[in-house]
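K.L.:
This is the structure I want to talk about, given as structure tokens.
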Amino acid sequence: MKKLFLFLVVAGTLSMTSCSKDDDDSSNAIVGTWVMESSFTINDYTSTSRDVWVFNSNETGTYTESEDSQQIFESTFTWAKDGDSYNVVYDDVEMSADSFTIGNLLGTDTLEDEEGYTVAIRE
């Protein structure tokens, strides 16, 4: 009976601490939706903007810009992990490529540019 109990404890511990391949794959850390929102007010007029990057697990994604709830720009992109950086190449030729890292600010995941400035937060 002791052996059965010990086996169950060990098996339970192993099953709780084992990780899936996705958990060990840090390239998936960027997968998800990242948002940057801003607004300004001048003489009782308020304008808001929202930039959204959606990173898919198949290394593709979409980027959209909106102003006052109206989408004004959209581009698809591909991304690849290179060390701690994620390199983004937009399909729209008017956009230059970006390189991001993932940071943390006050317990919130942040998308940072090459200079370490926060560009967006995880939604």
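Letters A, B, ... go to the chains of the structure tokens in the order shown; residues in each chain start at 1; ligands are counted from 1 in the same order.
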Might you pull out every residue within 7 Å of A:Asp113, with only C-alpha atoms counted and same-chain residues fewer than 2 positions away left off, and present them as a VMD selection string?
P.N.:
chain A and resid 99 to 101 111 115 to 119
K.L.:
Write a file of the just-selected residues containing N, CA and C atoms, as a PDB file, in the first residue's frame.
P.N.:
```pdb
ATOM      1  N   SER A  99      11.741  45.975 -34.910  1.00  0.00           N
ATOM      2  CA  SER A  99      12.317  44.961 -34.038  1.00  0.00           C
ATOM      3  C   SER A  99      11.825  45.244 -32.631  1.00  0.00           C
ATOM      4  N   PHE A 100      11.213  44.246 -32.008  1.00  0.00           N
ATOM      5  CA  PHE A 100      10.630  44.407 -30.684  1.00  0.00           C
ATOM      6  C   PHE A 100      11.247  43.426 -29.701  1.00  0.00           C
ATOM      7  N   THR A 101      11.190  43.786 -28.433  1.00  0.00           N
ATOM      8  CA  THR A 101      11.472  42.855 -27.346  1.00  0.00           C
ATOM      9  C   THR A 101      10.275  42.909 -26.407  1.00  0.00           C
ATOM     10  N   LEU A 111       5.462  45.562 -25.114  1.00  0.00           N
ATOM     11  CA  LEU A 111       6.174  45.406 -26.376  1.00  0.00           C
ATOM     12  C   LEU A 111       7.074  46.626 -26.482  1.00  0.00           C
ATOM     13  N   GLU A 115      15.027  50.786 -28.737  1.00  0.00           N
ATOM     14  CA  GLU A 115      15.621  51.675 -27.738  1.00  0.00           C
ATOM     15  C   GLU A 115      15.070  51.431 -26.336  1.00  0.00           C
ATOM     16  N   GLY A 116      14.178  50.453 -26.208  1.00  0.00           N
ATOM     17  CA  GLY A 116      13.631  50.104 -24.912  1.00  0.00           C
ATOM     18  C   GLY A 116      12.382  50.866 -24.528  1.00  0.00           C
ATOM     19  N   TYR A 117      11.831  51.669 -25.443  1.00  0.00           N
ATOM     20  CA  TYR A 117      10.606  52.394 -25.159  1.00  0.00           C
ATOM     21  C   TYR A 117       9.386  51.485 -25.340  1.00  0.00           C
ATOM     22  N   THR A 118       8.422  51.620 -24.455  1.00  0.00           N
ATOM     23  CA  THR A 118       7.192  50.834 -24.557  1.00  0.00           C
ATOM     24  C   THR A 118       6.381  51.313 -25.743  1.00  0.00           C
ATOM     25  N   VAL A 119       6.043  50.382 -26.621  1.00  0.00           N
ATOM     26  CA  VAL A 119       5.261  50.661 -27.824  1.00  0.00           C
ATOM     27  C   VAL A 119       3.808  50.242 -27.625  1.00  0.00           C
TER      28      VAL A 119
END
```
K.L.:
What residues in stretch 37-116 of chain A get the DSSP label strand (DSSP E)? Please answer as a PyMOL selection string.
P.N.:
chain A and resi 37-42+45-55+60-67+70-82+85-90+98-105+108-112
K.L.:
Which of these residues is nearest to A:Asn104, using only C-alpha atoms: A:Ile121, A:Tyr90, A:Val52, A:Glu67?
P.N.:
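Between A:Ile121, A:Tyr90, A:Val52, A:Glu67, the residue approaching A:Asn104 most closely is A:Ile121.
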K.L.:
Please, what distance in Å, to one decimal, runs between atom CA of A:Ile102 and atom CA of A:Asn87?
P.N.:
11.9 Å
K.L.:
Quick one: pull the distance between atom CA of A:Thr78 and atom CA of A:Thr33, Å, one decimal.
P.N.:
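One can read the atom CA of A:Thr78 to atom CA of A:Thr33 distance as 14.6 Å.
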K.L.:
What's around A:Asp91 at 7 Å? Count only C-alpha atoms, leave out sequence neighbours fewer than 6 positions away in its own chain, and write the answer as a VMD selection string.
P.N.:
chain A and resid 75 to 77
K.L.:
For N, CA, C and O atoms, I'd like the residues from the last selection saved as a short mmCIF file (atom, residue, chain, number, x, y, z; two decimals), in the first residue's frame.
P.N.:
```cif
data_model
loop_
_atom_site.label_atom_id
_atom_site.label_comp_id
_atom_site.auth_asym_id
_atom_site.auth_seq_id
_atom_site.Cartn_x
_atom_site.Cartn_y
_atom_site.Cartn_z
N SER A 75 -1.99 46.54 -42.32
CA SER A 75 -0.96 45.80 -43.04
C SER A 75 -0.79 44.43 -42.39
O SER A 75 -0.89 44.30 -41.17
N THR A 76 -0.55 43.45 -43.20
CA THR A 76 -0.16 42.15 -42.68
C THR A 76 1.36 42.15 -42.53
O THR A 76 2.05 43.01 -43.08
N PHE A 77 1.88 41.22 -41.75
CA PHE A 77 3.33 41.13 -41.58
C PHE A 77 3.74 39.71 -41.27
O PHE A 77 2.90 38.85 -40.96
#
```
K.L.:
Pick the closest to A:Ser38 from A:Thr110, A:Ser66, A:Ser85, A:Thr60: which is it, counting only C-alpha atoms?
P.N.:
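Counting only C-alpha atoms, the residue closest to A:Ser38 is A:Ser66.
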K.L.:
Choose the residue, out of A:Ser47, A:Val88, A:Glu94, A:Phe55, that has the smallest atom-to-atom separation from A:Phe73; count only C-alpha atoms.
P.N.:
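The answer is A:Glu94, which sits nearest to A:Phe73.
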K.L.:
Please report the interatomic distance between atom CA of A:Val54 and atom CA of A:Ile30 in Å with one decimal.
P.N.:
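That distance, rounded to one decimal, is 9.1 Å.
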K.L.:
Of the residues A:Tyr86, A:Asn43, A:Met95, A:Lys81, which is the one nearest to A:Tyr63, using only C-alpha atoms?
P.N.:
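The answer is A:Met95, which sits nearest to A:Tyr63.
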